[in-house]
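Here is the file my_file.txt (compact mmCIF, N, CA and C atoms).
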```
# COMPACT_ATOMS: atom_id res chain seq x y z
N MET Z 1 -26.31 18.09 -16.35
CA MET Z 1 -25.23 18.93 -15.88
C MET Z 1 -24.21 19.11 -17.00
N ASP Z 2 -23.74 20.34 -17.20
CA ASP Z 2 -22.72 20.59 -18.20
C ASP Z 2 -21.37 20.14 -17.68
N VAL Z 3 -20.57 19.61 -18.59
CA VAL Z 3 -19.23 19.19 -18.22
C VAL Z 3 -18.34 20.42 -18.20
N GLU Z 4 -17.79 20.71 -17.03
CA GLU Z 4 -16.88 21.85 -16.91
C GLU Z 4 -15.46 21.36 -17.11
N GLU Z 5 -14.65 22.18 -17.76
CA GLU Z 5 -13.26 21.83 -17.96
C GLU Z 5 -12.47 22.13 -16.68
N TYR Z 6 -11.37 21.39 -16.52
CA TYR Z 6 -10.45 21.74 -15.45
C TYR Z 6 -9.85 23.11 -15.78
N PRO Z 7 -9.45 23.87 -14.77
CA PRO Z 7 -8.81 25.16 -15.04
C PRO Z 7 -7.43 24.95 -15.69
N ASP Z 8 -6.91 26.00 -16.28
CA ASP Z 8 -5.62 25.91 -16.98
C ASP Z 8 -4.50 25.38 -16.09
N CYS Z 9 -4.50 25.75 -14.80
CA CYS Z 9 -3.43 25.28 -13.92
C CYS Z 9 -3.42 23.76 -13.80
N ILE Z 10 -4.55 23.10 -13.99
CA ILE Z 10 -4.62 21.63 -13.99
C ILE Z 10 -4.31 21.10 -15.39
N LYS Z 11 -4.89 21.71 -16.41
CA LYS Z 11 -4.69 21.24 -17.79
C LYS Z 11 -3.23 21.35 -18.23
N GLU Z 12 -2.45 22.20 -17.57
CA GLU Z 12 -1.03 22.37 -17.92
C GLU Z 12 -0.12 21.38 -17.19
N LEU Z 13 -0.66 20.60 -16.26
CA LEU Z 13 0.14 19.58 -15.58
C LEU Z 13 0.51 18.47 -16.55
N PRO Z 14 1.57 17.70 -16.24
CA PRO Z 14 1.95 16.58 -17.10
C PRO Z 14 0.82 15.56 -17.22
N LYS Z 15 0.70 15.00 -18.41
CA LYS Z 15 -0.32 13.99 -18.68
C LYS Z 15 0.18 12.62 -18.24
N ALA Z 16 -0.68 11.87 -17.57
CA ALA Z 16 -0.32 10.52 -17.11
C ALA Z 16 -0.36 9.54 -18.27
N LYS Z 17 0.54 8.55 -18.21
CA LYS Z 17 0.49 7.43 -19.15
C LYS Z 17 -0.41 6.37 -18.53
N ILE Z 18 -1.62 6.24 -19.05
CA ILE Z 18 -2.59 5.29 -18.50
C ILE Z 18 -2.98 4.32 -19.62
N PRO Z 19 -2.71 3.04 -19.42
CA PRO Z 19 -2.96 2.05 -20.49
C PRO Z 19 -4.41 1.58 -20.56
N MET Z 20 -5.34 2.51 -20.40
CA MET Z 20 -6.75 2.16 -20.40
C MET Z 20 -7.49 3.15 -21.29
N GLN Z 21 -8.14 2.65 -22.32
CA GLN Z 21 -8.90 3.50 -23.23
C GLN Z 21 -10.00 4.24 -22.46
N GLY Z 22 -10.15 5.54 -22.71
CA GLY Z 22 -11.21 6.31 -22.08
C GLY Z 22 -10.87 6.89 -20.73
N VAL Z 23 -9.60 6.78 -20.32
CA VAL Z 23 -9.16 7.33 -19.03
C VAL Z 23 -7.98 8.26 -19.29
N GLN Z 24 -8.12 9.50 -18.84
CA GLN Z 24 -7.03 10.48 -18.93
C GLN Z 24 -6.83 11.10 -17.56
N ALA Z 25 -5.59 11.54 -17.31
CA ALA Z 25 -5.32 12.22 -16.04
C ALA Z 25 -4.15 13.17 -16.20
N ARG Z 26 -4.18 14.20 -15.39
CA ARG Z 26 -3.06 15.14 -15.24
C ARG Z 26 -2.50 14.91 -13.85
N ILE Z 27 -1.18 14.99 -13.72
CA ILE Z 27 -0.51 14.61 -12.47
C ILE Z 27 0.18 15.79 -11.81
N ALA Z 28 -0.15 16.01 -10.53
CA ALA Z 28 0.60 16.93 -9.67
C ALA Z 28 1.55 16.06 -8.85
N GLN Z 29 2.84 16.30 -9.03
CA GLN Z 29 3.86 15.42 -8.44
C GLN Z 29 4.42 16.01 -7.16
N GLY Z 30 4.46 15.21 -6.11
CA GLY Z 30 5.12 15.58 -4.88
C GLY Z 30 6.30 14.65 -4.64
N VAL Z 31 7.06 14.90 -3.60
CA VAL Z 31 8.21 14.06 -3.28
C VAL Z 31 7.77 12.65 -2.94
N ALA Z 32 6.69 12.51 -2.17
CA ALA Z 32 6.24 11.18 -1.71
C ALA Z 32 4.82 10.85 -2.14
N PHE Z 33 4.26 11.61 -3.09
CA PHE Z 33 2.86 11.38 -3.48
C PHE Z 33 2.61 11.86 -4.90
N GLN Z 34 1.45 11.50 -5.42
CA GLN Z 34 0.92 12.07 -6.67
C GLN Z 34 -0.54 12.41 -6.45
N ILE Z 35 -0.98 13.48 -7.08
CA ILE Z 35 -2.40 13.79 -7.15
C ILE Z 35 -2.79 13.71 -8.62
N ALA Z 36 -3.79 12.89 -8.91
CA ALA Z 36 -4.24 12.69 -10.29
C ALA Z 36 -5.61 13.33 -10.47
N PHE Z 37 -5.74 14.11 -11.51
CA PHE Z 37 -7.00 14.74 -11.88
C PHE Z 37 -7.53 13.98 -13.09
N PHE Z 38 -8.45 13.05 -12.83
CA PHE Z 38 -8.94 12.13 -13.85
C PHE Z 38 -10.13 12.69 -14.62
N GLU Z 39 -10.23 12.28 -15.88
CA GLU Z 39 -11.43 12.38 -16.70
C GLU Z 39 -11.66 10.97 -17.22
N ILE Z 40 -12.79 10.39 -16.85
CA ILE Z 40 -13.05 8.98 -17.15
C ILE Z 40 -14.38 8.87 -17.90
N GLU Z 41 -14.30 8.32 -19.09
CA GLU Z 41 -15.49 8.06 -19.90
C GLU Z 41 -16.26 6.88 -19.28
N PRO Z 42 -17.49 6.62 -19.72
CA PRO Z 42 -18.22 5.45 -19.20
C PRO Z 42 -17.62 4.15 -19.75
N ILE Z 43 -16.51 3.73 -19.15
CA ILE Z 43 -15.70 2.61 -19.67
C ILE Z 43 -16.10 1.25 -19.12
N GLY Z 44 -17.03 1.22 -18.19
CA GLY Z 44 -17.37 -0.06 -17.56
C GLY Z 44 -16.50 -0.29 -16.34
N THR Z 45 -16.01 -1.51 -16.19
CA THR Z 45 -15.34 -1.91 -14.95
C THR Z 45 -13.82 -1.80 -15.02
N VAL Z 46 -13.24 -1.23 -13.98
CA VAL Z 46 -11.80 -1.29 -13.75
C VAL Z 46 -11.58 -2.51 -12.87
N PRO Z 47 -10.76 -3.48 -13.32
CA PRO Z 47 -10.61 -4.74 -12.59
C PRO Z 47 -10.04 -4.54 -11.18
N PRO Z 48 -10.27 -5.52 -10.30
CA PRO Z 48 -9.72 -5.46 -8.95
C PRO Z 48 -8.20 -5.32 -8.97
N HIS Z 49 -7.69 -4.47 -8.09
CA HIS Z 49 -6.26 -4.25 -7.97
C HIS Z 49 -5.98 -3.63 -6.60
N SER Z 50 -4.71 -3.51 -6.26
CA SER Z 50 -4.33 -2.86 -5.00
C SER Z 50 -3.01 -2.12 -5.20
N HIS Z 51 -2.74 -1.19 -4.30
CA HIS Z 51 -1.52 -0.39 -4.33
C HIS Z 51 -1.44 0.36 -3.00
N ASN Z 52 -0.59 1.37 -2.92
CA ASN Z 52 -0.49 2.16 -1.69
C ASN Z 52 -1.81 2.89 -1.43
N ALA Z 53 -1.89 3.56 -0.29
CA ALA Z 53 -3.12 4.24 0.12
C ALA Z 53 -3.57 5.26 -0.93
N GLN Z 54 -4.88 5.44 -1.01
CA GLN Z 54 -5.50 6.35 -1.99
C GLN Z 54 -6.67 7.06 -1.31
N TYR Z 55 -6.75 8.37 -1.51
CA TYR Z 55 -7.88 9.15 -1.03
C TYR Z 55 -8.43 9.91 -2.23
N GLY Z 56 -9.74 9.83 -2.44
CA GLY Z 56 -10.30 10.46 -3.63
C GLY Z 56 -11.55 11.26 -3.37
N PHE Z 57 -11.88 12.08 -4.36
CA PHE Z 57 -13.02 12.99 -4.30
C PHE Z 57 -13.67 13.03 -5.68
N VAL Z 58 -14.98 12.82 -5.74
CA VAL Z 58 -15.71 12.86 -7.01
C VAL Z 58 -16.09 14.31 -7.30
N ILE Z 59 -15.57 14.82 -8.39
CA ILE Z 59 -15.85 16.20 -8.80
C ILE Z 59 -17.12 16.26 -9.64
N GLU Z 60 -17.28 15.24 -10.49
CA GLU Z 60 -18.43 15.21 -11.40
C GLU Z 60 -18.75 13.76 -11.74
N GLY Z 61 -20.02 13.45 -11.94
CA GLY Z 61 -20.44 12.10 -12.32
C GLY Z 61 -20.64 11.20 -11.11
N GLU Z 62 -20.64 9.90 -11.37
CA GLU Z 62 -20.78 8.93 -10.29
C GLU Z 62 -20.13 7.62 -10.69
N MET Z 63 -19.73 6.86 -9.67
CA MET Z 63 -19.11 5.56 -9.90
C MET Z 63 -19.49 4.61 -8.79
N LEU Z 64 -19.52 3.34 -9.13
CA LEU Z 64 -19.66 2.28 -8.13
C LEU Z 64 -18.25 1.87 -7.75
N LEU Z 65 -17.92 1.98 -6.49
CA LEU Z 65 -16.58 1.65 -6.02
C LEU Z 65 -16.68 0.53 -5.00
N THR Z 66 -15.93 -0.53 -5.24
CA THR Z 66 -15.86 -1.64 -4.31
C THR Z 66 -14.51 -1.58 -3.61
N ILE Z 67 -14.55 -1.45 -2.29
CA ILE Z 67 -13.34 -1.41 -1.47
C ILE Z 67 -13.42 -2.60 -0.54
N GLY Z 68 -12.52 -3.56 -0.73
CA GLY Z 68 -12.63 -4.81 0.02
C GLY Z 68 -13.90 -5.52 -0.40
N ASP Z 69 -14.81 -5.76 0.55
CA ASP Z 69 -16.06 -6.46 0.22
C ASP Z 69 -17.28 -5.53 0.26
N LYS Z 70 -17.04 -4.21 0.28
CA LYS Z 70 -18.15 -3.24 0.34
C LYS Z 70 -18.21 -2.41 -0.94
N THR Z 71 -19.41 -2.35 -1.52
CA THR Z 71 -19.63 -1.57 -2.73
C THR Z 71 -20.58 -0.42 -2.42
N ASN Z 72 -20.19 0.79 -2.83
CA ASN Z 72 -21.01 1.98 -2.63
C ASN Z 72 -21.01 2.83 -3.89
N LEU Z 73 -22.09 3.59 -4.05
CA LEU Z 73 -22.18 4.55 -5.13
C LEU Z 73 -21.62 5.88 -4.64
N TYR Z 74 -20.66 6.42 -5.38
CA TYR Z 74 -20.06 7.71 -5.03
C TYR Z 74 -20.43 8.71 -6.11
N LYS Z 75 -20.94 9.87 -5.66
CA LYS Z 75 -21.41 10.92 -6.57
C LYS Z 75 -20.67 12.22 -6.27
N ARG Z 76 -20.96 13.22 -7.09
CA ARG Z 76 -20.35 14.54 -6.93
C ARG Z 76 -20.35 14.97 -5.46
N GLY Z 77 -19.17 15.33 -4.97
CA GLY Z 77 -19.03 15.79 -3.59
C GLY Z 77 -18.65 14.70 -2.61
N ASP Z 78 -18.72 13.44 -3.02
CA ASP Z 78 -18.37 12.33 -2.12
C ASP Z 78 -16.87 12.08 -2.14
N SER Z 79 -16.36 11.60 -1.00
CA SER Z 79 -14.95 11.22 -0.92
C SER Z 79 -14.84 9.79 -0.42
N TYR Z 80 -13.67 9.21 -0.59
CA TYR Z 80 -13.44 7.82 -0.20
C TYR Z 80 -11.97 7.64 0.15
N TYR Z 81 -11.71 6.61 0.95
CA TYR Z 81 -10.34 6.26 1.34
C TYR Z 81 -10.14 4.78 1.11
N ILE Z 82 -9.03 4.43 0.47
CA ILE Z 82 -8.68 3.04 0.23
C ILE Z 82 -7.34 2.79 0.92
N PRO Z 83 -7.32 2.02 2.01
CA PRO Z 83 -6.06 1.77 2.71
C PRO Z 83 -5.06 1.00 1.83
N GLU Z 84 -3.80 1.14 2.16
CA GLU Z 84 -2.74 0.45 1.43
C GLU Z 84 -3.00 -1.05 1.38
N GLY Z 85 -2.85 -1.63 0.19
CA GLY Z 85 -2.96 -3.07 0.01
C GLY Z 85 -4.37 -3.62 -0.09
N VAL Z 86 -5.40 -2.79 0.09
CA VAL Z 86 -6.78 -3.28 0.03
C VAL Z 86 -7.22 -3.38 -1.44
N VAL Z 87 -7.73 -4.54 -1.80
CA VAL Z 87 -8.19 -4.76 -3.17
C VAL Z 87 -9.46 -3.94 -3.42
N HIS Z 88 -9.50 -3.28 -4.57
CA HIS Z 88 -10.65 -2.44 -4.92
C HIS Z 88 -10.85 -2.46 -6.43
N SER Z 89 -12.07 -2.10 -6.84
CA SER Z 89 -12.41 -2.00 -8.26
C SER Z 89 -13.48 -0.92 -8.40
N ALA Z 90 -13.72 -0.51 -9.63
CA ALA Z 90 -14.71 0.55 -9.86
C ALA Z 90 -15.46 0.29 -11.14
N GLU Z 91 -16.69 0.82 -11.19
CA GLU Z 91 -17.49 0.73 -12.40
C GLU Z 91 -17.96 2.13 -12.78
N PHE Z 92 -17.71 2.49 -14.04
CA PHE Z 92 -18.05 3.81 -14.55
C PHE Z 92 -19.09 3.69 -15.65
N LYS Z 93 -20.31 4.14 -15.35
CA LYS Z 93 -21.40 4.12 -16.33
C LYS Z 93 -21.68 5.52 -16.88
N THR Z 94 -21.08 6.54 -16.25
CA THR Z 94 -21.22 7.92 -16.70
C THR Z 94 -19.83 8.55 -16.77
N PHE Z 95 -19.74 9.67 -17.46
CA PHE Z 95 -18.50 10.44 -17.46
C PHE Z 95 -18.22 10.91 -16.04
N CYS Z 96 -16.95 10.81 -15.61
CA CYS Z 96 -16.57 11.22 -14.26
C CYS Z 96 -15.31 12.07 -14.28
N LYS Z 97 -15.27 12.98 -13.34
CA LYS Z 97 -14.05 13.70 -13.02
C LYS Z 97 -13.76 13.39 -11.56
N ILE Z 98 -12.56 12.90 -11.33
CA ILE Z 98 -12.18 12.45 -10.00
C ILE Z 98 -10.79 12.96 -9.68
N MET Z 99 -10.59 13.40 -8.45
CA MET Z 99 -9.27 13.79 -7.98
C MET Z 99 -8.83 12.74 -6.96
N ASP Z 100 -7.70 12.09 -7.24
CA ASP Z 100 -7.18 11.05 -6.34
C ASP Z 100 -5.80 11.42 -5.84
N PHE Z 101 -5.61 11.28 -4.54
CA PHE Z 101 -4.29 11.40 -3.91
C PHE Z 101 -3.76 9.99 -3.72
N PHE Z 102 -2.57 9.74 -4.23
CA PHE Z 102 -1.91 8.44 -4.07
C PHE Z 102 -0.69 8.61 -3.18
N ALA Z 103 -0.61 7.81 -2.11
CA ALA Z 103 0.50 7.89 -1.16
C ALA Z 103 1.70 7.12 -1.69
N GLU Z 104 2.11 7.49 -2.89
CA GLU Z 104 3.31 6.92 -3.52
C GLU Z 104 3.73 7.89 -4.63
N PRO Z 105 5.03 8.06 -4.82
CA PRO Z 105 5.51 9.06 -5.76
C PRO Z 105 5.47 8.65 -7.22
N ALA Z 106 5.26 7.38 -7.50
CA ALA Z 106 5.34 6.92 -8.89
C ALA Z 106 4.17 6.02 -9.27
N ARG Z 107 2.98 6.36 -8.82
CA ARG Z 107 1.80 5.56 -9.21
C ARG Z 107 1.64 5.58 -10.72
N TYR Z 108 1.80 6.74 -11.33
CA TYR Z 108 1.70 6.87 -12.78
C TYR Z 108 2.94 7.55 -13.34
N GLU Z 109 3.43 7.05 -14.46
CA GLU Z 109 4.45 7.76 -15.22
C GLU Z 109 3.76 8.87 -15.99
N THR Z 110 4.53 9.88 -16.35
CA THR Z 110 3.96 10.97 -17.15
C THR Z 110 4.63 11.02 -18.51
N GLU Z 111 3.91 11.64 -19.44
CA GLU Z 111 4.44 11.78 -20.81
C GLU Z 111 5.51 12.84 -20.85
```

Would you mind writing the file's structure down as structure tokens?
Amino acid sequence: MDVEEYPDCIKELPKAKIPMQGVQARIAQGVAFQIAFFEIEPIGTVPPHSHNAQYGFVIEGEMLLTIGDKTNLYKRGDSYYIPEGVVHSAEFKTFCKIMDFFAEPARYETE
């Protein structure tokens, strides 16, 4: 599958400050939420962590996502929900594009 670029309306959004090599995102900011448009290289594992509620959609690629004690493979077209405070982690073995809604206004700072 060819990697398609995000449209200009996404590429023009502010860039997120993410302290992880191989992870980039553009942020759509709301009063009480953020939507992050991620591009993630095959970086391996994102360690377990938790935060406010998160709803996501895989645009391209696939990832292993562990939510609580359940691990599933999510591929293009799949969506997932992570309730507030639930520990989760992910493994990226392929390039991924993911859109995540975060139920918090300051999940990521922007440049």

Item checked: Residues near Z:Ile59, cut-off 6 Å, only C-alpha atoms, skip fewer than 4 positions along chain, as number ranges by chain -> Z: 76, 97-98

Write out the residues from the selection above, keeping N, CA and C atoms, as a short mmCIF file (atom, residue, chain, number, x, y, z; two decimals), in the frame of the given file.
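And here's again.cif as it stands now:
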```cif
data_model
loop_
_atom_site.label_atom_id
_atom_site.label_comp_id
_atom_site.auth_asym_id
_atom_site.auth_seq_id
_atom_site.Cartn_x
_atom_site.Cartn_y
_atom_site.Cartn_z
N ARG Z 76 -20.96 13.22 -7.09
CA ARG Z 76 -20.35 14.54 -6.93
C ARG Z 76 -20.35 14.97 -5.46
N LYS Z 97 -15.27 12.98 -13.34
CA LYS Z 97 -14.05 13.70 -13.02
C LYS Z 97 -13.76 13.39 -11.56
N ILE Z 98 -12.56 12.90 -11.33
CA ILE Z 98 -12.18 12.45 -10.00
C ILE Z 98 -10.79 12.96 -9.68
#
```

Notebook entry, point to check: Counting only N, CA and C atoms, which of Z:Val87, Z:Ala16, Z:Ala28, Z:Val23 gets nearest to Z:Ser50?
Noted result: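 Closest to Z:Ser50 of all the choices is Z:Val87.
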
Next item on the list: Can you work out the spacing between atom N of Z:Glu111 and atom C of Z:Ala25 in Å, to one decimal?
Entry: 8.8 Å

Check: Between atom CA of Z:Thr66 and atom CA of Z:Glu41, what is the distance, to one decimal in Å?
Finding: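 Separation of atom CA of Z:Thr66 and atom CA of Z:Glu41: 18.4 Å.
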
Next item on the list: From chain Z, collect each residue whose DSSP state is alpha helix (DSSP H) and return the set as a VMD selection string.
Entry: chain Z and resid 8 to 11

Next item on the list: Fewer than 5 positions away in the same chain doesn't count, so skip those; otherwise give me all residues within 8 Å of Z:Val86, counting only N, CA and C atoms, as a ChimeraX atom specification.
Entry: /Z:48-53,66-68

Note to self: For the strand (DSSP E or B) assignment from backbone DSSP, which residues of stretch 27-104 of chain Z qualify? Please present them as a PyMOL selection string.
What the structure shows: chain Z and resi 27-29+34-40+44-49+54-60+62-67+70-75+79-82+88-92+96-102

Next item on the list: Tell me which of Z:Gly77, Z:Pro47, Z:Pro19, Z:Pro42 sits closest to Z:Thr94, counting only N, CA and C atoms.
Entry: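 Counting only N, CA and C atoms, the residue closest to Z:Thr94 is Z:Pro42.
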
Test item: axis-aligned box, all listed atoms of stretch 52-70 of chain Z, 5 Å on each side, centre and edges in Å rounded to one decimal, as JSON:
```
{"center_x": -10.6, "center_y": 4.9, "center_z": -5.9, "size_x": 30.3, "size_y": 32.7, "size_z": 22.9}
```

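Proximity to Z:Gln24 was assessed for Z:Leu64, Z:Ile40, Z:Ile82, Z:Cys9 counting only N, CA and C atoms; the smallest distance is recorded for Z:Ile40.
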
Item checked: Atom-to-atom span, atom C of Z:Ile43 and atom C of Z:Ile27, Å ->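 Computing it gives 23.0 Å between the two atoms.
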
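You can rank Z:Met20, Z:Glu39, Z:Arg26, Z:Asp8 by their closest distance to Z:Phe95 using only N, CA and C atoms, and at the top of that list sits Z:Glu39.
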